[in-house]
Amino acid sequence: MTAAIRTENLVKRYGRTPVLDGLCMDVPEGAIYALVGPNGAGKTTTIHTLLNLIAPAAGRSEVLGVDSRKLGAPDFARIGYVSENQKLPAWMRVSEFLAYLKPFYPTWDDALAVDLLRQFNLPADRKLKELSRGMRMKAALASALAFHPKVLVLDEPFSGLDALVRDDFIQGMLERAEETTIFISSHDLAEIESFASHIGYLEGGKLLFSDEMATLTARFREVEVTLETEAELPAPWPANWMTAERAGSVVRFVETAYEPEATEARVRAAFGAVRGVEVRPMALRAIFVALARQGRR
Amino acid sequence: MKMVQHILKKDIRGLRWEIVATVALTLATALLEWPSQHATLNHLGQFWSQPAIVLAWILLVLRVVQRDGLVGREHDWLTRPIRRWHVAVAKALFVVLFVLAPIAVRDAIVVAANGFPVLGNLPGMAWSLAVWIGVFLLPAAALAVVTRTIPQALMGVLGFVFLASVVSNEESLWQGVDWVPMGLAALVIGLFAGVVVWLQYRQRWTARARILLAVGAAAAAGVTMGLPWGAAFACQRLFATQAVDESELVIQMGELQLGSTAGWSVSSSTARLRFPVEVKGAPAGYRIRVLRVEAPAGPEGNVSLDERVPWFRQPEGGALSFVRVEMQKAQFLAGQESPARLKGRIFLAVLAPRAKQDFTFENTRQMVPGVGVCEASFDRIPVFYCRTPFRTPTETRVTLWAREPQQGSVMTVLSSLSSLSPLPFEFSLAPMRGVGASIERLDYSGELSAARGLAGGRITYETWAPVAFIEREFDVTGRKLGDYRVP
């Protein structure tokens, strides 16, 4: 599968602080790739570098096979972008905004634009500055979908939106961008989990892992081991086990390379005789909380 | 071009009220230049309206450029298939249509209304527009492309105004050749601003562009304040149009004319002296203007202002100027009986006679070829006033001859040439440049009234134009030093 978005050893610093530290990432064509990570991880900087809004200090990135530094008008005709901080021309009415954009996009679809307005309940004659934050995000999304983009980049699109608007937003995006590669950065793991096909975890400017969602959720398990007696944690602690906690004879940790038989075998090898081993699947949120805790250690 | 038009239409739609207001204001300022306007009202109107209209133009430039801002990463259009050069061209067209074109129309209206041919004044108009672009519009655009908001850009404008006011304080030292440092400064700031705009639309290197703009402003100020007088004068000499025999020119210590001591502060420890330096021997009918006297051997010397020696009191074929010197009182007291000796360097402009025209004085507006539209006012202070488009009238002497039986002349110097610039344009916010002079009573002893002695008399206009520029060393002696002390 070819990559719609690719970064190679991308480095960006603000002063002496590294924000991206050799970021390597591939987003397969057709994927819905969620880039997640704590605040300050470098998600927005990654997007800005991808879209040639800032220049990297080193490394390179490309979108749809074009070096980001060389992205020009013809390339942006295939890329949609919606951001929580996007400054739309507030003085324009919604209909004026779409009419203004139309001539710049050879693939602009009037019927789709009208459909999107209807679907998002956007008042065409209202000025953008008079819209609520959620409505403005929907207007931005409509303007980014109406030309059938090959890649749709969304930077924290759900932040500050209420649940109803989020649902509208996600539903509209998924329905109207079936053949589009979607690259989304978000804190909202619960929402991401419902539709992302791939996920990348960024921390300290480094991509700690990048996987298909199914593989990720299959890999992570919460394991609870009940020992026969209170005992010390085994040393050395296995590299695939994170965030160990002990309460009396019960030890809990997160297995990051879960395989049913192999995991149980590794538990018995590490602890010896155990009274019981309970393995529970983890929600995406729990996985990232564990990763974040591990990162802080 | 289609996309440029599309962006331009968007800006016109978005800024239509600002456009209407700015264009209306621009055209309204033509009324202040209307021939029927009283000169005083005209000055008052210009004093308030011209800075306001310049601010309106600057604001319109800031607004249109920041509509599609370049600073920051949040502007929607940066990730749209919109070519930056299309945006830049659309903004430039907007400024041409709604700032430059209204200025040109206003100027043409004013020129025509004042009885001057529009076609004949096109060079002045073109220079005027070029200066607007270099001094105001490009720097405003440069500020707009390196700032996020209008208040930020206005802070930059304030910075420029402050710098300009500091720089223009030096203007009086230039004595007519000010157009050299000012023109250089305008060129430097215009060029830097142009590069900043180009750089931002091309690369969006905001930090570098900001530094470049600051460097440009500093360079423009540096050029103005740091340019040696000699360099400016050398530049002025390139525009000499006539060879003048310098051998007859004599520089000597003039007769004592102490007169006013305005501008002198009194100190108990210093003695202030004022030496008259006289230049003689210009060809018949020619006039000499002392531009500067440098007396580096002693304490700092300054040329007295022309108003200290009224132009019509200047010797025929020569010039009188003063060098002001401060020295330690003790030093003065020790040497006050010794002969005064002054060494230095003098810079002169030679003015050749151009025309002498006679009219019957009717006390109405009068078009005087080569001078401008002239009129006299006899309200409280008798004033003579002439106006021309884009630059002040050339050096002119006006003589009013009262009719019989109160024969005699009432003379006024209309204009001691304020700029030696060879360009058909002098910097000013208004299209018409006026110069006025209060009327000096000379031989005429009657009431100075248009209705009584002067109407029906004769009026003579004599004009001179600068043709050569001379730099000479001098070493002159006079009476004893004590005779030159300012009381």
# chains A, B, ... in the order shown; residues from 1 in each chain; ligands from 1
>>> closest_atom_pairs(of="chain B", to="chain A", cutoff="10 Å", atoms="only C-alpha atoms", output="CSV")
residue,atom,partner,partner_atom,distance
B:Lys2,CA,A:Pro103,CA,9.3
B:Met3,CA,A:Phe104,CA,7.7
B:His6,CA,A:Tyr100,CA,7.8
B:Ile7,CA,A:Tyr100,CA,8.2
B:Lys9,CA,A:Tyr100,CA,9.7
B:Lys10,CA,A:Tyr100,CA,7.4
B:Arg13,CA,A:Met92,CA,9.4
B:Gly14,CA,A:Trp91,CA,7.1
B:Leu15,CA,A:Trp91,CA,9.8
B:Arg67,CA,A:Pro89,CA,7.8
B:Asp68,CA,A:Pro89,CA,8.5
B:Gly69,CA,A:Lys87,CA,9.7
B:Gly72,CA,A:Leu53,CA,8.4
B:Arg73,CA,A:Leu53,CA,5.8
B:Glu74,CA,A:Gln86,CA,4.8
B:His75,CA,A:Lys87,CA,4.8
B:Asp76,CA,A:Leu88,CA,5.4
B:Trp77,CA,A:Leu88,CA,8.1
B:Leu78,CA,A:Leu53,CA,7.6
B:Thr79,CA,A:Phe76,CA,6.2
B:Arg80,CA,A:Phe76,CA,5.5
B:Pro81,CA,A:Ala73,CA,3.7
B:Ile82,CA,A:Ala73,CA,5.5
B:Arg83,CA,A:Ala73,CA,5.7
B:Arg84,CA,A:Ala73,CA,8.8
B:Arg204,CA,A:Leu53,CA,9.0
B:Trp205,CA,A:Ile54,CA,9.5
>>> select_by_dssp(residues="range 136-239 of chain A", states="helix (DSSP H, G or I)", output="PyMOL selection string")
chain A and resi 136-145+163-176+189-195+213-219
>>> closest_residue(among="A:Ala124, A:Leu208, A:Val153, A:Leu64", to="Ala139 in chain A", atoms="only C-alpha atoms")
A:Ala124
>>> closest_residue(among="B:Thr149, B:Asn114, B:Thr360, B:Ser165", to="Leu31 in chain B", atoms="only C-alpha atoms")
B:Asn114
>>> residues_around(residues="range 176-189 of chain A", least_positions_apart="3", cutoff="9 Å", atoms="only C-alpha atoms", output="number ranges by chain")
A: 4-5, 27-39, 43-44, 47, 112, 116, 145-146, 148-159, 171-173, 192-194, 196, 284-285, 288
>>> select_by_dssp(residues="range 118-240 of chain A", states="strand (DSSP E)", output="mmCIF file with N, CA, C and O atoms, in the first residue's frame")
data_model
loop_
_atom_site.group_PDB
_atom_site.id
_atom_site.type_symbol
_atom_site.label_atom_id
_atom_site.label_comp_id
_atom_site.auth_asym_id
_atom_site.auth_seq_id
_atom_site.Cartn_x
_atom_site.Cartn_y
_atom_site.Cartn_z
ATOM 1 N N VAL A 151 -6.703 13.917 0.326
ATOM 2 C CA VAL A 151 -6.263 13.828 1.712
ATOM 3 C C VAL A 151 -7.001 14.890 2.514
ATOM 4 O O VAL A 151 -7.126 16.028 2.068
ATOM 5 N N LEU A 152 -7.513 14.476 3.658
ATOM 6 C CA LEU A 152 -8.169 15.434 4.550
ATOM 7 C C LEU A 152 -7.377 15.462 5.854
ATOM 8 O O LEU A 152 -7.204 14.426 6.500
ATOM 9 N N VAL A 153 -6.882 16.634 6.203
ATOM 10 C CA VAL A 153 -6.083 16.766 7.425
ATOM 11 C C VAL A 153 -6.896 17.550 8.446
ATOM 12 O O VAL A 153 -7.386 18.642 8.156
ATOM 13 N N LEU A 154 -7.054 16.955 9.627
ATOM 14 C CA LEU A 154 -7.872 17.586 10.673
ATOM 15 C C LEU A 154 -7.023 17.733 11.930
ATOM 16 O O LEU A 154 -6.474 16.756 12.423
ATOM 17 N N ASP A 155 -6.933 18.955 12.407
ATOM 18 C CA ASP A 155 -6.120 19.218 13.595
ATOM 19 C C ASP A 155 -7.041 19.529 14.766
ATOM 20 O O ASP A 155 -7.647 20.596 14.806
ATOM 21 N N THR A 181 -8.025 9.822 2.169
ATOM 22 C CA THR A 181 -7.162 9.502 3.305
ATOM 23 C C THR A 181 -7.385 10.591 4.347
ATOM 24 O O THR A 181 -7.292 11.782 4.033
ATOM 25 N N ILE A 182 -7.707 10.168 5.550
ATOM 26 C CA ILE A 182 -7.956 11.164 6.603
ATOM 27 C C ILE A 182 -6.839 11.067 7.639
ATOM 28 O O ILE A 182 -6.522 9.987 8.123
ATOM 29 N N PHE A 183 -6.255 12.225 7.920
ATOM 30 C CA PHE A 183 -5.196 12.296 8.930
ATOM 31 C C PHE A 183 -5.704 13.241 10.012
ATOM 32 O O PHE A 183 -5.987 14.407 9.752
ATOM 33 N N ILE A 184 -5.862 12.698 11.211
ATOM 34 C CA ILE A 184 -6.518 13.495 12.250
ATOM 35 C C ILE A 184 -5.692 13.495 13.528
ATOM 36 O O ILE A 184 -5.193 12.460 13.947
ATOM 37 N N SER A 185 -5.493 14.661 14.080
ATOM 38 C CA SER A 185 -4.840 14.707 15.391
ATOM 39 C C SER A 185 -5.920 15.024 16.406
ATOM 40 O O SER A 185 -6.780 15.867 16.144
ATOM 41 N N HIS A 198 -6.086 3.491 11.650
ATOM 42 C CA HIS A 198 -4.699 3.423 12.074
ATOM 43 C C HIS A 198 -4.478 4.442 13.188
ATOM 44 O O HIS A 198 -5.195 5.432 13.267
ATOM 45 N N ILE A 199 -3.482 4.172 13.976
ATOM 46 C CA ILE A 199 -3.225 5.095 15.062
ATOM 47 C C ILE A 199 -1.716 5.229 15.295
ATOM 48 O O ILE A 199 -0.973 4.251 15.148
ATOM 49 N N GLY A 200 -1.316 6.448 15.573
ATOM 50 C CA GLY A 200 0.091 6.679 15.886
ATOM 51 C C GLY A 200 0.166 7.405 17.209
ATOM 52 O O GLY A 200 -0.653 8.287 17.481
ATOM 53 N N TYR A 201 1.139 7.054 18.010
ATOM 54 C CA TYR A 201 1.264 7.701 19.315
ATOM 55 C C TYR A 201 2.555 8.514 19.340
ATOM 56 O O TYR A 201 3.652 7.986 19.163
ATOM 57 N N LEU A 202 2.366 9.813 19.523
ATOM 58 C CA LEU A 202 3.481 10.744 19.462
ATOM 59 C C LEU A 202 3.759 11.271 20.864
ATOM 60 O O LEU A 202 2.841 11.693 21.563
ATOM 61 N N GLU A 203 5.004 11.224 21.258
ATOM 62 C CA GLU A 203 5.349 11.802 22.555
ATOM 63 C C GLU A 203 6.768 12.347 22.472
ATOM 64 O O GLU A 203 7.672 11.674 21.965
ATOM 65 N N LYS A 206 8.529 12.183 19.183
ATOM 66 C CA LYS A 206 8.867 10.884 18.593
ATOM 67 C C LYS A 206 7.619 10.040 18.470
ATOM 68 O O LYS A 206 6.756 10.061 19.357
ATOM 69 N N LEU A 207 7.542 9.296 17.397
ATOM 70 C CA LEU A 207 6.408 8.391 17.217
ATOM 71 C C LEU A 207 6.751 7.089 17.950
ATOM 72 O O LEU A 207 7.619 6.337 17.517
ATOM 73 N N LEU A 208 6.060 6.865 19.075
ATOM 74 C CA LEU A 208 6.408 5.681 19.867
ATOM 75 C C LEU A 208 5.908 4.410 19.199
ATOM 76 O O LEU A 208 6.516 3.362 19.307
ATOM 77 N N PHE A 209 4.777 4.494 18.572
ATOM 78 C CA PHE A 209 4.355 3.376 17.716
ATOM 79 C C PHE A 209 3.326 3.864 16.724
ATOM 80 O O PHE A 209 2.736 4.927 16.874
ATOM 81 N N SER A 210 3.136 3.097 15.693
ATOM 82 C CA SER A 210 2.167 3.409 14.657
ATOM 83 C C SER A 210 1.638 2.074 14.153
ATOM 84 O O SER A 210 2.413 1.229 13.697
ATOM 85 N N ASP A 211 0.343 1.882 14.316
ATOM 86 C CA ASP A 211 -0.228 0.566 14.018
ATOM 87 C C ASP A 211 -1.626 0.689 13.449
ATOM 88 O O ASP A 211 -2.260 1.737 13.597
ATOM 89 N N GLU A 212 -2.071 -0.447 12.910
ATOM 90 C CA GLU A 212 -3.503 -0.498 12.595
ATOM 91 C C GLU A 212 -4.245 -0.599 13.916
ATOM 92 O O GLU A 212 -3.752 -1.216 14.873
ATOM 93 N N ARG A 221 -3.245 -5.611 26.636
ATOM 94 C CA ARG A 221 -4.158 -6.241 27.605
ATOM 95 C C ARG A 221 -3.761 -5.817 29.021
ATOM 96 O O ARG A 221 -2.573 -5.626 29.311
ATOM 97 N N GLU A 222 -4.772 -5.692 29.834
ATOM 98 C CA GLU A 222 -4.480 -5.478 31.257
ATOM 99 C C GLU A 222 -4.436 -6.855 31.919
ATOM 100 O O GLU A 222 -5.377 -7.643 31.763
ATOM 101 N N VAL A 223 -3.352 -7.136 32.610
ATOM 102 C CA VAL A 223 -3.163 -8.463 33.211
ATOM 103 C C VAL A 223 -3.150 -8.311 34.733
ATOM 104 O O VAL A 223 -2.462 -7.433 35.259
ATOM 105 N N GLU A 224 -3.959 -9.139 35.381
ATOM 106 C CA GLU A 224 -3.957 -9.124 36.853
ATOM 107 C C GLU A 224 -3.538 -10.511 37.328
ATOM 108 O O GLU A 224 -4.191 -11.507 36.999
ATOM 109 N N VAL A 225 -2.449 -10.560 38.084
ATOM 110 C CA VAL A 225 -1.899 -11.846 38.550
ATOM 111 C C VAL A 225 -2.098 -11.915 40.070
ATOM 112 O O VAL A 225 -1.716 -10.982 40.784
ATOM 113 N N THR A 226 -2.717 -12.987 40.514
ATOM 114 C CA THR A 226 -2.855 -13.196 41.968
ATOM 115 C C THR A 226 -1.827 -14.253 42.369
ATOM 116 O O THR A 226 -1.853 -15.389 41.880
ATOM 117 N N LEU A 227 -0.890 -13.838 43.247
ATOM 118 C CA LEU A 227 0.205 -14.719 43.641
ATOM 119 C C LEU A 227 -0.209 -15.558 44.850
ATOM 120 O O LEU A 227 -1.150 -15.217 45.577
#
>>> atom_distance(atom1="CA of Thr29 in chain B", atom2="CA of Leu62 in chain B")
21.5 Å
